[in-house]
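Novice: Below are the structure tokens for one structure; questions will follow.
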There are 2 protein chains.
Amino acid sequence: MDQVRIGIVGLGSMGTQHGKYLAGGEIRGAIIAAVCDMREERLQWAKQSWGEHIHTFTTLEAMIDSGEVDAVFVATPHYDHPDAAIRSLQKGMHVLIEKPAGVYTKQVRLMNEAAKKSGKVFSIMYNQRTNPLYQKLKELISSGELGEVRRTNWIITNWYRSQSYYDSAGWRATWAGEGGGVLINQDPHQLDLWQWTIGMMPARIRAFCYFGKHRNIEVEDEVTAYVEYPNGATGLFVTTTGEAPGTNRFEIAGDRGKIVIEDDQLTFWRLRVPESEFNRTYTGGFGSPECWKCEIPIHGNHPGHRGITQNFVDAILKGTELIAPGEEGILGLTLSNAMLLSTWTDSWIDLPLDEDLFYEQLQDRIRGSRFTKQAAPDQLLNTEGTH
Amino acid sequence: MDQVRIGIVGLGSMGTQHGKYLAGGEIRGAIIAAVCDMREERLQWAKQSWGEHIHTFTTLEAMIDSGEVDAVFVATPHYDHPDAAIRSLQKGMHVLIEKPAGVYTKQVRLMNEAAKKSGKVFSIMYNQRTNPLYQKLKELISSGELGEVRRTNWIITNWYRSQSYYDSAGWRATWAGEGGGVLINQDPHQLDLWQWTIGMMPARIRAFCYFGKHRNIEVEDEVTAYVEYPNGATGLFVTTTGEAPGTNRFEIAGDRGKIVIEDDQLTFWRLRVPESEFNRTYTGGFGSPECWKCEIPIHGNHPGHRGITQNFVDAILKGTELIAPGEEGILGLTLSNAMLLSTWTDSWIDLPLDEDLFYEQLQDRIRGSRFTKQAAPDQLLNTEGTH
């Protein structure tokens, strides 16, 4: 194969964005060959915009079985990511899914098993992993510059959403339509980066979610989560859509100092000797280790979505290592599921998560949801507006 | 009375500091008339340093009964603050106590009752209340500039203390000697300011304390506390003595924007219209309120200890309103006690606190403490080193 023929399922906001740069020839070794959506007008729009040669389908099966695509780009609503991915993988497609990996980990685990069994390339659109800021942070930690991680603290409250945003589509911020609020819609990138940059998942989580606190919605719009890591480190994650102007500040304390990412700047307060060594040898009572404030240069562009899509294509054509393996989508989702479950049970949640318990609790809420999903199979493809 | 004759009980580090500026004539309308300590060498040092006219005593009773003092400045170890204050108030003394108000609120409540009954002036050395930064913050909130408080977040981890600090005195960081760690020794000012600046105590608290995590001590050296306020706002308080270089960043989000105090600078991100109003009237889907970044000028000096002592003296001589009424010492201590109790019981703590339960749990830990207090009454006055 010298060219990957990509078919996009779901021509909502994200699917359309991905189609545009693919149709524009911006990804080496890939073309957009087909699109799939239940809405005829979206399919016609795609043909008119990207060329009459684009094959159009109203069901995923028809697209897969057509022989016109080698890879499927899943840009359906959240709930349908795993199902669409599994069906594609089982028929020999390479798969790139939009975030989040799904809504509950039980289903995502099935997707990961299907991917493993298939041997196909499977990636997830964690485009923030290509952001040089977070790549540098990960590198400073994995190389040992920061020393062992002691504490993490991410305040990510600059996700302002007004009531009019929530009112713009019936599925928004409903248990049946989205399966969650700020955690499932706005935060997937940060939930991924929070564990990816430090290379560590928590051992247990205690979280405090509020549902419809700032807006007339049924899902969470404010969350504070506290975690303990296996090495004894602790962490906090604070998020809301109800605050203006909001904050995006990620602080990580380690044995050799402290890193803060804020305002697109990475600052490293570097200790001249590790704190643990200073503490072991110092005899002066008051006093603390010498510390240098270092502004860390950030090189390179942030290729964003295109970076992940190019990497996915390169992995298919050349065996390039994936930046965001699809199987890793379960990690951020586990954090999100655990935060909700901790609130619902008002207790600690140990990881690995009790996936059945989360699934049952979520179903309870779906049954009471104001949004009623239609049961038709094609509803899979119904993407409205931006998500 | 045109001059307040002050007697200091406890010539440790703090008592000595206060004596110095009093002896130097830096407080209008007050003189240092007497000192009290069980250690003869400290009394001799005071006479030599501040003048032979200084009366010296080895018991608090003797100093009070001497007729040489109008007011007692309590600078004994933490545990003895309430007892020394009560004994002084009951004999008609005005009283200024060092922070913390005590170690457990049950005892501090008795002190507050004694103060009320006495009708004397009673203040606490919350000198950070005279810091123009926090005064400005309080003013911006009480005047309505920030709007209703939605979320508080104080990361106060720049209290680095090495093992050699803890090893410098046997009573340090022990349940019997200090009754706590970072919360009782380092954080009392922040625990006071956290509620004083916003004018609101939490309704309930869920905290996560670690005991001897970073140092070989028996008390807490790392704390993360989550609170809910009566108006629905939430808050976080993160502190440790084990981190270098540490952070001191206080963020408060309100209906009209956000304030951050960091690096001795107060920044107000001011919304042009309140968030709640924007949300009610906006119809554009995505979009957020116009926000101005305002650097707020901070005028005036920070008079520190002298400011509180002068105010205490002015209250006695002229009826000036107290900046830090002694009765308010219970507020910060309640937060500290609740954080420990939440950890010990692994559960939410509703306020008002169950003071008996906290007292019992503390006694359990005192019984197992490595530090054994001597039972002699004069041990009250034994202050060693810096605290």
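Going by the structure tokens order, chains are called A, B, ..., each with residues numbered from 1, while ligands are numbered from 1 in the order shown.
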Where does region 267-329 of chain B meet region 97-114 of chain B within 12 Å, residue by residue, with the nearest atom pair and distance in Å to one decimal for each, counting only C-alpha atoms, listed by chain and rising number, as CSV?

Specialist:
residue,atom,partner,partner_atom,distance
B:His305,CA,B:Glu98,CA,9.9
B:Ile308,CA,B:Glu98,CA,10.6
B:Thr309,CA,B:Ile97,CA,10.2
B:Phe312,CA,B:Ile97,CA,10.6
B:Ala324,CA,B:Ile97,CA,10.5
B:Pro325,CA,B:Asn112,CA,10.0
B:Gly326,CA,B:Ile97,CA,7.4
B:Glu327,CA,B:Asn112,CA,5.3
B:Glu328,CA,B:Ala101,CA,8.6
B:Gly329,CA,B:Ala101,CA,5.0

Novice: May I have the selected residues written with N, CA, C and O atoms, as an mmCIF file, in the first residue's frame?

Specialist:
data_model
loop_
_atom_site.group_PDB
_atom_site.id
_atom_site.type_symbol
_atom_site.label_atom_id
_atom_site.label_comp_id
_atom_site.auth_asym_id
_atom_site.auth_seq_id
_atom_site.Cartn_x
_atom_site.Cartn_y
_atom_site.Cartn_z
ATOM 1 N N HIS B 305 3.614 42.308 62.965
ATOM 2 C CA HIS B 305 3.322 42.140 64.395
ATOM 3 C C HIS B 305 3.008 43.469 65.066
ATOM 4 O O HIS B 305 2.082 43.570 65.873
ATOM 5 N N ILE B 308 -0.597 44.716 64.778
ATOM 6 C CA ILE B 308 -1.591 44.066 65.651
ATOM 7 C C ILE B 308 -1.399 44.526 67.095
ATOM 8 O O ILE B 308 -2.376 44.811 67.809
ATOM 9 N N THR B 309 -0.154 44.637 67.529
ATOM 10 C CA THR B 309 0.099 45.049 68.912
ATOM 11 C C THR B 309 -0.366 46.495 69.131
ATOM 12 O O THR B 309 -0.984 46.819 70.154
ATOM 13 N N PHE B 312 -4.094 46.529 69.349
ATOM 14 C CA PHE B 312 -4.506 46.004 70.658
ATOM 15 C C PHE B 312 -4.415 47.107 71.721
ATOM 16 O O PHE B 312 -5.350 47.327 72.509
ATOM 17 N N ALA B 324 -8.007 41.988 64.713
ATOM 18 C CA ALA B 324 -8.050 40.537 64.909
ATOM 19 C C ALA B 324 -8.581 40.210 66.298
ATOM 20 O O ALA B 324 -7.808 39.933 67.221
ATOM 21 N N PRO B 325 -9.920 40.253 66.455
ATOM 22 C CA PRO B 325 -10.490 39.883 67.754
ATOM 23 C C PRO B 325 -10.072 38.465 68.134
ATOM 24 O O PRO B 325 -10.088 37.566 67.286
ATOM 25 N N GLY B 326 -9.709 38.284 69.392
ATOM 26 C CA GLY B 326 -9.248 36.971 69.840
ATOM 27 C C GLY B 326 -10.255 35.871 69.588
ATOM 28 O O GLY B 326 -9.892 34.733 69.275
ATOM 29 N N GLU B 327 -11.531 36.217 69.680
ATOM 30 C CA GLU B 327 -12.589 35.209 69.488
ATOM 31 C C GLU B 327 -12.552 34.595 68.093
ATOM 32 O O GLU B 327 -13.071 33.501 67.870
ATOM 33 N N GLU B 328 -11.959 35.323 67.131
ATOM 34 C CA GLU B 328 -11.945 34.791 65.762
ATOM 35 C C GLU B 328 -10.846 33.765 65.540
ATOM 36 O O GLU B 328 -10.781 33.138 64.483
ATOM 37 N N GLY B 329 -10.003 33.592 66.539
ATOM 38 C CA GLY B 329 -8.963 32.558 66.421
ATOM 39 C C GLY B 329 -9.541 31.166 66.282
ATOM 40 O O GLY B 329 -8.906 30.269 65.728
#

Novice: Please run DSSP on the backbone and report, as number ranges by chain, all residues within region 293-376 of chain B that come out as alpha helix (DSSP H).

Specialist: B: 304-318, 329-345, 355-367

Novice: Residues of chain B were defined as contacting chain A if any atom lay at most 8 Å from it, counting only C-alpha atoms; please report them as an mmCIF file with N, CA and C atoms, in the first residue's frame.

Specialist:
data_model
loop_
_atom_site.group_PDB
_atom_site.id
_atom_site.type_symbol
_atom_site.label_atom_id
_atom_site.label_comp_id
_atom_site.auth_asym_id
_atom_site.auth_seq_id
_atom_site.Cartn_x
_atom_site.Cartn_y
_atom_site.Cartn_z
ATOM 1 N N TYR B 160 8.907 25.127 53.367
ATOM 2 C CA TYR B 160 9.915 24.065 53.432
ATOM 3 C C TYR B 160 10.552 23.940 54.815
ATOM 4 N N ARG B 161 10.537 22.741 55.343
ATOM 5 C CA ARG B 161 11.201 22.442 56.613
ATOM 6 C C ARG B 161 11.941 21.116 56.455
ATOM 7 N N SER B 162 13.232 21.128 56.710
ATOM 8 C CA SER B 162 14.037 19.917 56.595
ATOM 9 C C SER B 162 13.933 19.097 57.888
ATOM 10 N N GLN B 163 14.463 17.898 57.833
ATOM 11 C CA GLN B 163 14.463 17.054 59.031
ATOM 12 C C GLN B 163 15.226 17.740 60.160
ATOM 13 N N SER B 164 16.257 18.486 59.816
ATOM 14 C CA SER B 164 17.074 19.115 60.874
ATOM 15 C C SER B 164 16.269 20.167 61.635
ATOM 16 N N TYR B 165 15.311 20.793 60.960
ATOM 17 C CA TYR B 165 14.405 21.714 61.665
ATOM 18 C C TYR B 165 13.603 20.937 62.700
ATOM 19 N N TYR B 166 13.032 19.833 62.261
ATOM 20 C CA TYR B 166 12.188 19.059 63.186
ATOM 21 C C TYR B 166 13.003 18.460 64.325
ATOM 22 N N ASP B 167 14.265 18.149 64.047
ATOM 23 C CA ASP B 167 15.103 17.538 65.078
ATOM 24 C C ASP B 167 15.641 18.565 66.074
ATOM 25 N N SER B 168 15.379 19.857 65.813
ATOM 26 C CA SER B 168 15.993 20.903 66.647
ATOM 27 C C SER B 168 15.361 21.036 68.023
ATOM 28 N N GLU B 243 8.074 20.263 50.361
ATOM 29 C CA GLU B 243 8.264 20.570 48.954
ATOM 30 C C GLU B 243 9.166 21.785 48.763
ATOM 31 N N ALA B 244 10.052 21.724 47.786
ATOM 32 C CA ALA B 244 10.859 22.887 47.413
ATOM 33 C C ALA B 244 10.794 23.039 45.905
ATOM 34 N N PRO B 245 10.657 24.278 45.365
ATOM 35 C CA PRO B 245 10.578 25.532 46.082
ATOM 36 C C PRO B 245 9.196 25.852 46.655
ATOM 37 N N GLY B 246 8.181 25.135 46.370
ATOM 38 C CA GLY B 246 6.857 25.447 46.905
ATOM 39 C C GLY B 246 6.180 26.591 46.177
ATOM 40 N N ALA B 253 -12.463 32.731 42.513
ATOM 41 C CA ALA B 253 -13.346 32.994 41.387
ATOM 42 C C ALA B 253 -14.678 33.489 41.912
ATOM 43 N N ASP B 255 -18.541 35.828 40.742
ATOM 44 C CA ASP B 255 -19.504 36.070 39.672
ATOM 45 C C ASP B 255 -19.029 37.162 38.720
ATOM 46 N N GLY B 257 -15.663 37.770 38.020
ATOM 47 C CA GLY B 257 -14.300 37.569 37.544
ATOM 48 C C GLY B 257 -13.482 36.700 38.457
ATOM 49 N N LYS B 258 -12.200 36.965 38.479
ATOM 50 C CA LYS B 258 -11.263 36.105 39.188
ATOM 51 C C LYS B 258 -10.136 36.959 39.762
ATOM 52 N N TRP B 269 -9.020 39.697 37.193
ATOM 53 C CA TRP B 269 -9.584 39.562 35.860
ATOM 54 C C TRP B 269 -11.057 39.925 35.995
ATOM 55 N N LEU B 271 -14.770 40.907 34.851
ATOM 56 C CA LEU B 271 -15.753 40.763 33.776
ATOM 57 C C LEU B 271 -16.507 42.082 33.618
ATOM 58 N N GLU B 275 -20.955 37.261 35.242
ATOM 59 C CA GLU B 275 -21.123 36.006 34.502
ATOM 60 C C GLU B 275 -22.578 35.583 34.480
ATOM 61 N N ASN B 279 -24.708 34.976 31.106
ATOM 62 C CA ASN B 279 -25.288 33.665 30.838
ATOM 63 C C ASN B 279 -26.790 33.754 30.582
ATOM 64 N N ARG B 280 -27.443 34.670 31.300
ATOM 65 C CA ARG B 280 -28.894 34.809 31.210
ATOM 66 C C ARG B 280 -29.308 35.428 29.875
ATOM 67 N N TYR B 282 -27.091 35.899 26.927
ATOM 68 C CA TYR B 282 -26.332 35.560 25.724
ATOM 69 C C TYR B 282 -27.054 34.473 24.926
ATOM 70 N N THR B 283 -27.033 34.604 23.610
ATOM 71 C CA THR B 283 -27.724 33.617 22.786
ATOM 72 C C THR B 283 -26.813 33.012 21.726
ATOM 73 N N GLY B 284 -25.533 33.271 21.791
ATOM 74 C CA GLY B 284 -24.630 32.917 20.690
ATOM 75 C C GLY B 284 -23.984 31.549 20.724
ATOM 76 N N GLY B 285 -24.371 30.669 21.662
ATOM 77 C CA GLY B 285 -23.716 29.358 21.722
ATOM 78 C C GLY B 285 -22.355 29.483 22.359
ATOM 79 N N PHE B 286 -21.291 29.239 21.577
ATOM 80 C CA PHE B 286 -19.952 29.507 22.101
ATOM 81 C C PHE B 286 -19.818 31.010 22.366
ATOM 82 N N GLY B 287 -18.874 31.390 23.221
ATOM 83 C CA GLY B 287 -18.692 32.806 23.547
ATOM 84 C C GLY B 287 -18.668 32.983 25.039
ATOM 85 N N SER B 288 -17.946 34.003 25.504
ATOM 86 C CA SER B 288 -17.811 34.224 26.943
ATOM 87 C C SER B 288 -17.749 35.719 27.224
ATOM 88 N N PRO B 289 -17.978 36.113 28.484
ATOM 89 C CA PRO B 289 -18.051 37.540 28.803
ATOM 90 C C PRO B 289 -16.724 38.263 28.569
ATOM 91 N N CYS B 291 -13.584 40.323 29.313
ATOM 92 C CA CYS B 291 -12.811 40.287 30.560
ATOM 93 C C CYS B 291 -11.593 41.195 30.461
#

Novice: Hey, can you check how far CA of Asn131 (chain B) sits from CA of Leu317 (chain B)?

Specialist: 23.6 Å

Novice: Would you pick out the contacts of Pro352 (chain A) at 10 Å or less, using only C-alpha atoms, so that residues sharing its chain but fewer than 6 positions from it are not included, and give the list as a PyMOL selection string?

Specialist: chain A and resi 201-204+334+338

Novice: Just write the chosen residues, C-alpha atoms, as a CSV table (one decimal), in the first residue's frame.

Specialist:
chain,number,residue,atom,x,y,z
A,201,MET,CA,-2.1,6.6,36.7
A,202,PRO,CA,-3.6,7.1,40.1
A,203,ALA,CA,-4.1,4.2,42.5
A,204,ARG,CA,-7.4,5.7,43.9
A,334,THR,CA,-11.1,5.7,33.5
A,338,ALA,CA,-14.0,7.1,38.5

Novice: Enter the distance from CA of Ala176 (chain B) to CA of Glu360 (chain B), in Å, rounded to one decimal.

Specialist: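 Taking CA of Ala176 (chain B) and CA of Glu360 (chain B), their separation equals 13.4 Å.
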
Novice: Can you list, as a ChimeraX atom specification, all residues belonging to region 71-144 of chain A that DSSP tags as strand (DSSP E or B)?

Specialist: /A:71-74,94-97,122-124

Novice: What separation in Å, quoted to one decimal, exists between CA of Gly307 (chain B) and CA of Thr130 (chain B)?

Specialist: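 Going from CA of Gly307 (chain B) over to CA of Thr130 (chain B) covers 6.6 Å.
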